[in-house]
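Coordinates as given in protein.txt (compact mmCIF, C-alpha atoms):
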```
# COMPACT_ATOMS: atom_id res chain seq x y z
CA MET K 1 228.76 59.52 164.53
CA ILE K 2 228.21 56.44 166.69
CA ILE K 3 224.94 54.47 166.29
CA ASP K 4 223.64 51.42 168.13
CA VAL K 5 222.32 49.12 165.43
CA ASN K 6 219.43 46.66 165.57
CA SER K 7 217.21 44.87 163.08
CA GLU K 8 214.93 47.90 162.76
CA ASN K 9 217.53 50.48 161.73
CA PHE K 10 220.14 48.24 160.10
CA SER K 11 219.00 48.78 156.49
CA GLU K 12 218.97 52.51 157.11
CA ILE K 13 222.60 52.37 158.26
CA LEU K 14 223.60 50.45 155.15
CA GLU K 15 222.01 53.19 153.04
CA LYS K 16 224.23 55.74 154.74
CA SER K 17 227.29 53.90 153.39
CA TYR K 18 226.60 55.43 149.96
CA ASP K 19 227.37 58.85 151.43
CA ASN K 20 229.93 57.96 154.10
CA VAL K 21 232.02 54.97 155.15
CA VAL K 22 230.29 52.80 157.76
CA VAL K 23 232.34 50.72 160.18
CA ILE K 24 230.32 47.94 161.83
CA ASP K 25 231.60 46.76 165.20
CA PHE K 26 230.18 43.37 166.24
CA TRP K 27 230.61 43.13 170.01
CA ALA K 28 229.08 41.81 173.24
CA PRO K 29 229.12 43.05 176.85
CA TRP K 30 231.01 40.00 178.15
CA CYS K 31 233.80 40.31 175.54
CA GLY K 32 237.08 41.67 176.99
CA PRO K 33 238.79 42.34 173.62
CA CYS K 34 235.64 44.19 172.53
CA ARG K 35 236.05 46.56 175.46
CA ALA K 36 239.69 47.10 174.49
CA LEU K 37 238.78 47.91 170.89
CA LYS K 38 235.80 50.15 171.74
CA PRO K 39 237.70 53.37 172.64
CA ILE K 40 239.97 52.98 169.62
CA LEU K 41 237.06 52.80 167.18
CA GLU K 42 235.26 55.66 168.91
CA LYS K 43 238.38 57.83 168.82
CA LEU K 44 238.97 57.14 165.13
CA SER K 45 235.31 57.75 164.31
CA GLY K 46 235.65 61.21 165.78
CA GLU K 47 238.91 61.80 163.94
CA PHE K 48 238.01 60.41 160.51
CA GLY K 49 234.31 61.19 160.55
CA PHE K 50 233.07 57.73 159.55
CA ILE K 51 229.85 56.22 160.95
CA LEU K 52 230.51 53.69 163.70
CA ALA K 53 227.65 51.18 163.78
CA LYS K 54 227.73 49.05 166.93
CA VAL K 55 225.99 45.66 166.82
CA ASN K 56 225.48 43.81 170.12
CA THR K 57 225.59 40.21 168.91
CA ASP K 58 223.75 38.93 172.01
CA GLU K 59 220.78 41.12 171.17
CA ASN K 60 221.05 40.92 167.37
CA PRO K 61 222.19 37.39 166.44
CA ASP K 62 220.35 37.66 163.11
CA ILE K 63 222.61 40.48 161.89
CA ALA K 64 225.71 38.63 163.08
CA GLN K 65 224.54 35.50 161.29
CA GLU K 66 223.85 37.46 158.10
CA PHE K 67 227.49 38.64 158.08
CA GLY K 68 228.92 35.25 159.03
CA VAL K 69 230.34 36.48 162.34
CA HIS K 70 231.91 33.63 164.31
CA GLY K 71 234.18 35.46 166.75
CA ILE K 72 234.18 38.92 168.28
CA PRO K 73 235.18 41.65 168.08
CA ASP K 74 234.55 41.46 164.35
CA VAL K 75 234.76 44.69 162.37
CA ARG K 76 233.43 45.20 158.84
CA ILE K 77 234.03 48.30 156.70
CA ILE K 78 231.09 49.12 154.43
CA LYS K 79 231.25 51.41 151.41
CA ASP K 80 228.48 51.82 148.84
CA GLY K 81 226.50 49.04 150.49
CA LYS K 82 229.31 46.47 150.26
CA VAL K 83 231.91 45.06 152.66
CA VAL K 84 235.27 46.34 151.40
CA ASP K 85 237.43 45.19 154.32
CA LYS K 86 237.27 43.49 157.71
CA PHE K 87 239.34 42.36 160.67
CA VAL K 88 238.78 40.19 163.73
CA GLY K 89 240.23 40.80 167.19
CA ALA K 90 241.40 43.80 169.19
CA LEU K 91 244.13 45.16 166.93
CA PRO K 92 246.33 48.04 168.13
CA GLU K 93 245.29 51.55 167.15
CA SER K 94 248.05 51.90 164.56
CA GLN K 95 246.80 48.84 162.63
CA VAL K 96 243.14 49.87 162.85
CA ARG K 97 244.09 53.36 161.66
CA LYS K 98 246.04 51.91 158.73
CA ILE K 99 243.10 49.75 157.61
CA ILE K 100 240.50 52.51 157.88
CA SER K 101 242.71 55.13 156.21
CA LYS K 102 242.54 53.10 152.99
CA TYR K 103 238.87 54.06 152.66
CA VAL K 104 238.50 57.44 154.34
CA LYS K 105 240.91 60.32 154.87
CA SER K 106 241.22 62.07 158.21
CA PRO K 107 241.39 65.88 158.33
CA ALA K 108 245.09 65.52 159.19
CA ASP K 109 245.66 63.39 156.06
CA LYS K 110 243.99 66.10 154.00
CA VAL K 111 246.31 68.70 155.54
CA ILE K 112 249.34 66.62 154.53
CA GLU K 113 248.03 66.36 150.96
CA GLU K 114 247.35 70.10 150.81
CA ALA K 115 250.80 70.89 152.22
CA ASN K 116 252.43 68.66 149.60
CA MET K 117 250.54 70.48 146.85
CA LEU K 118 251.75 73.84 148.21
CA ILE K 119 255.32 72.54 148.32
CA LEU K 120 255.11 71.31 144.72
CA ALA K 121 253.80 74.74 143.71
CA GLY K 122 256.81 76.35 145.38
CA ASN K 123 254.81 77.88 148.23
CA ARG K 124 256.93 76.60 151.10
CA GLU K 125 255.94 79.40 153.45
CA GLY K 126 252.27 78.58 152.87
CA ALA K 127 252.95 74.92 153.64
CA TYR K 128 254.80 75.90 156.82
CA ASP K 129 251.89 78.07 158.01
CA LEU K 130 249.43 75.29 157.17
CA TYR K 131 251.39 72.73 159.20
CA LYS K 132 251.68 75.11 162.17
CA ARG K 133 247.89 75.66 162.21
CA ALA K 134 247.16 71.95 161.77
CA ILE K 135 249.48 70.92 164.61
CA SER K 136 247.64 73.26 166.98
CA GLU K 137 244.33 71.76 165.81
CA TYR K 138 245.43 68.09 165.85
CA PRO K 139 248.23 68.05 168.47
CA ASP K 140 248.02 64.30 169.06
CA ASN K 141 248.17 63.15 165.44
CA LYS K 142 251.56 61.43 165.25
CA LYS K 143 251.54 61.03 161.47
CA LEU K 144 250.98 64.77 161.06
CA ILE K 145 253.77 65.50 163.54
CA LEU K 146 256.24 63.34 161.61
CA GLU K 147 255.35 64.84 158.23
CA ALA K 148 255.56 68.37 159.60
CA ALA K 149 258.91 67.64 161.26
CA LYS K 150 260.35 66.29 158.00
CA PHE K 151 259.33 69.47 156.22
CA PHE K 152 260.60 71.74 159.00
CA ILE K 153 264.01 70.04 158.79
CA LYS K 154 264.16 70.82 155.07
CA LEU K 155 263.30 74.45 155.85
CA ASN K 156 266.12 74.49 158.42
CA LYS K 157 263.59 75.22 161.18
CA LEU K 158 265.36 72.70 163.35
CA GLU K 159 264.10 73.89 166.71
CA ASP K 160 260.49 73.68 165.49
CA ALA K 161 261.14 70.16 164.22
CA GLU K 162 262.79 69.01 167.44
CA ASN K 163 259.97 70.44 169.58
CA LEU K 164 257.47 68.46 167.53
CA LEU K 165 259.43 65.23 167.69
CA ASN K 166 259.71 65.51 171.47
CA LYS K 167 255.91 65.10 171.61
CA ILE K 168 256.30 61.48 170.48
CA LYS K 169 257.12 59.33 173.49
CA GLU K 170 258.64 55.88 173.77
CA TYR K 171 255.24 54.26 174.36
CA ASP K 172 254.12 55.49 170.91
CA LYS K 173 255.82 52.39 169.56
CA GLU K 174 254.97 52.71 165.86
CA TYR K 175 256.08 56.33 165.68
CA PHE K 176 258.90 56.57 168.22
CA THR K 177 261.59 54.93 166.08
CA GLN K 178 260.70 57.23 163.17
CA ALA K 179 260.83 60.25 165.47
CA GLN K 180 264.27 59.19 166.70
CA ALA K 181 265.43 58.74 163.11
CA LEU K 182 264.26 62.26 162.28
CA LYS K 183 266.13 63.59 165.30
CA GLU K 184 269.22 62.00 163.75
CA PHE K 185 268.35 63.85 160.53
CA ILE K 186 268.41 67.14 162.45
CA GLU K 187 272.02 66.34 163.33
CA LEU K 188 272.70 65.44 159.68
CA LYS K 189 271.25 68.78 158.61
CA LYS K 190 273.76 70.48 160.93
CA GLU K 191 276.57 68.36 159.49
CA CYS K 192 275.49 69.28 155.97
CA GLU K 193 275.97 72.96 156.83
CA ASN K 194 279.25 72.41 158.67
CA THR K 195 282.02 74.53 157.12
CA ASN K 196 284.80 73.33 159.44
CA LEU K 197 285.85 70.36 157.29
CA GLN K 198 289.43 69.43 158.05
CA THR K 199 289.78 65.85 156.83
CA GLU K 200 288.60 63.81 153.89
CA LEU K 201 286.18 61.93 156.17
CA ASP K 202 284.74 65.26 157.35
CA LYS K 203 284.01 66.18 153.74
CA MET K 204 282.53 62.77 152.97
CA PHE K 205 280.29 62.84 156.04
CA ALA K 206 279.06 66.37 155.26
CA GLN K 207 278.28 65.40 151.66
CA ALA K 208 276.50 62.21 152.72
CA SER K 209 274.48 64.21 155.25
CA CYS K 210 273.43 66.65 152.52
CA TYR K 211 272.35 63.76 150.30
CA ALA K 212 270.25 62.34 153.17
CA VAL K 213 268.52 65.64 153.95
CA GLU K 214 267.82 66.15 150.23
CA GLU K 215 266.27 62.63 150.19
CA ASN K 216 268.90 61.38 147.75
CA TYR K 217 269.04 58.28 149.89
CA GLU K 218 270.95 56.00 147.52
CA GLU K 219 273.92 58.37 147.28
CA ALA K 220 273.75 59.01 151.03
CA LEU K 221 273.83 55.30 151.86
CA LYS K 222 276.63 54.69 149.38
CA LEU K 223 278.81 57.40 150.92
CA PHE K 224 278.00 56.54 154.54
CA LEU K 225 278.95 52.93 153.81
CA GLU K 226 282.32 54.09 152.45
CA ILE K 227 282.90 55.97 155.70
CA VAL K 228 282.07 52.84 157.73
CA LYS K 229 284.62 50.92 155.66
CA LYS K 230 287.31 53.58 156.15
CA ASP K 231 286.76 54.23 159.86
CA ARG K 232 283.95 52.56 161.81
CA ASN K 233 284.64 54.76 164.85
CA TYR K 234 284.44 58.08 162.99
CA LYS K 235 282.03 60.44 164.82
CA ASN K 236 281.24 57.74 167.35
CA ASP K 237 279.99 55.27 164.71
CA GLY K 238 278.03 58.13 163.12
CA ALA K 239 277.95 56.75 159.58
CA ARG K 240 276.41 53.44 160.63
CA LYS K 241 273.87 55.23 162.83
CA ALA K 242 272.94 57.51 159.92
CA MET K 243 272.38 54.48 157.69
CA VAL K 244 270.11 52.88 160.30
CA SER K 245 268.10 56.11 160.52
CA ILE K 246 267.62 56.09 156.74
CA PHE K 247 266.53 52.43 156.90
CA THR K 248 263.93 53.39 159.52
CA LEU K 249 262.49 56.21 157.42
CA LEU K 250 262.43 54.18 154.21
CA GLY K 251 260.94 51.05 155.84
CA GLU K 252 262.17 47.47 155.77
CA SER K 253 260.41 46.66 152.48
CA ASN K 254 262.19 49.42 150.55
CA PRO K 255 264.70 48.01 148.01
CA LEU K 256 267.41 50.43 149.18
CA THR K 257 266.98 49.29 152.77
CA LYS K 258 267.29 45.65 151.75
CA GLU K 259 270.32 46.30 149.55
CA TYR K 260 272.31 48.48 151.93
CA ARG K 261 271.37 46.66 155.13
CA LYS K 262 272.86 43.55 153.53
CA LYS K 263 275.97 45.44 152.41
CA LEU K 264 276.40 46.96 155.86
CA ALA K 265 275.99 43.58 157.56
CA MET K 266 278.52 41.96 155.20
CA TRP K 267 281.09 44.59 156.05
CA LEU K 268 280.48 44.62 159.81
CA TYR K 269 280.21 40.88 160.39
```
Let me see whether you can do it: turn the structure in this file into structure tokens.
Amino acid sequence: MIIDVNSENFSEILEKSYDNVVVIDFWAPWCGPCRALKPILEKLSGEFGFILAKVNTDENPDIAQEFGVHGIPDVRIIKDGKVVDKFVGALPESQVRKIISKYVKSPADKVIEEANMLILAGNREGAYDLYKRAISEYPDNKKLILEAAKFFIKLNKLEDAENLLNKIKEYDKEYFTQAQALKEFIELKKECENTNLQTELDKMFAQASCYAVEENYEEALKLFLEIVKKDRNYKNDGARKAMVSIFTLLGESNPLTKEYRKKLAMWLY
């Protein structure tokens, strides 16, 4: 729901924040960054279902003054009548999504939660069917695509996973590196199931790949690092590439990423 706000209906909009999250967008017609942010907020309003309250600061300086707005675009998130978060400037969609998702869940987020509950209950087939339906309903939701692909890899539905990951293009900057890392995991899944193991390094790589697919990342990183030490060129630098893929999926702030990136760098350089 998108509402143009003025002094007459502003208090009514604040009342709505007790039933639904209200995102107030302070903007003006002459503001270029406001125009850049506008379609992002409108898209996310449709996706998450929050109320987008648009305040033209030229026409409603009293409301802007009440909120202490000094620069635009200025966005305030209102819940239960109070400002719970804010940001200034035309942030990229990924950052806006991350901020808003702290206060309201999108239908796709709810699907991911429901799928995780089904998986914990041992109903993997139910989770698979749920993801397939959700992808057809929300085909552009990159977070949903990544979560579904991770699960499909575990189920050994590798073609399904790869088809999903191909939907994420290089211009989807936040998600592309994760998609590429998951494509690497598809190859690791194949290595895990490889029965043609002729050398000790073959066996080590297959075991490390199994650890990675099972999300036993510490053991996977430990074993991949041993392979790098023994033969950097094995499988075209495959062990190092596998480690980098794990770092990408875990994130730079993860303790394992910090520990093993340092160990890898010490060995390589």
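Residues lying within 8 Å of Leu164 in chain K, counting only C-alpha atoms and ignoring same-chain neighbours fewer than 3 positions away, are K:Ile145, K:Leu146, K:Ala149, K:Asp160, K:Ala161, K:Lys167, K:Ile168.
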Protein and nucleic acid residues near (275.0, 51.2, 155.2) (cut-off 12 Å, all atoms listed in the file) as a PyMOL selection string: chain K and resi 208+217-229+232+237-247+256-268
Taking all atoms listed in the file into account, produce a table as CSV in which each residue of range 49-157 of chain K with an atom at most 6 Å from an atom of range 24-43 of chain K appears once, together with its shortest atom pair and the distance in Å to one decimal, ordered by chain and rising number.
```
residue,atom,partner,partner_atom,distance
K:Ala53,CA,K:Ile24,CA,4.6
K:Lys54,CA,K:Asp25,CA,4.8
K:Val55,CA,K:Phe26,CA,4.8
K:Asn56,CA,K:Ala28,CA,5.2
K:Thr57,CA,K:Ala28,CA,5.8
K:Ile72,CA,K:Trp27,CA,5.8
K:Pro73,CA,K:Cys34,CA,5.1
K:Asp74,CA,K:Phe26,CA,5.1
K:Val75,CA,K:Asp25,CA,4.7
K:Arg76,CA,K:Ile24,CA,5.1
K:Ala90,CA,K:Leu37,CA,5.2
```
Nearest-residue call for Asn116 in chain K, choices K:Lys150, K:Lys183, K:Lys16, K:Lys98, using all atoms listed in the file: K:Lys150
Within 12 Å of Lys102 in chain K, counting all atoms listed in the file, which residues show up once you throw out same-chain ones fewer than 5 positions away? Write them as a PDB file with C-alpha atoms, in the coordinates of the input, please.
```pdb
ATOM      1  CA  VAL K  21     232.020  54.970 155.150  1.00  0.00           C
ATOM      2  CA  PHE K  48     238.010  60.410 160.510  1.00  0.00           C
ATOM      3  CA  ILE K  77     234.030  48.300 156.700  1.00  0.00           C
ATOM      4  CA  LYS K  79     231.250  51.410 151.410  1.00  0.00           C
ATOM      5  CA  VAL K  84     235.270  46.340 151.400  1.00  0.00           C
ATOM      6  CA  ASP K  85     237.430  45.190 154.320  1.00  0.00           C
ATOM      7  CA  LYS K  86     237.270  43.490 157.710  1.00  0.00           C
ATOM      8  CA  GLN K  95     246.800  48.840 162.630  1.00  0.00           C
ATOM      9  CA  VAL K  96     243.140  49.870 162.850  1.00  0.00           C
ATOM     10  CA  ARG K  97     244.090  53.360 161.660  1.00  0.00           C
ATOM     11  CA  ASP K 109     245.660  63.390 156.060  1.00  0.00           C
TER      12      ASP K 109
END
```
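Candidate residues K:Ile78, K:Asn163, K:Tyr234, K:Met117 were compared for distance to Thr199 in chain K, and the nearest is K:Tyr234, using all atoms listed in the file.
The interatomic distance for the pair CA of Cys210 in chain K and CA of Tyr269 in chain K works out to 27.8 Å.
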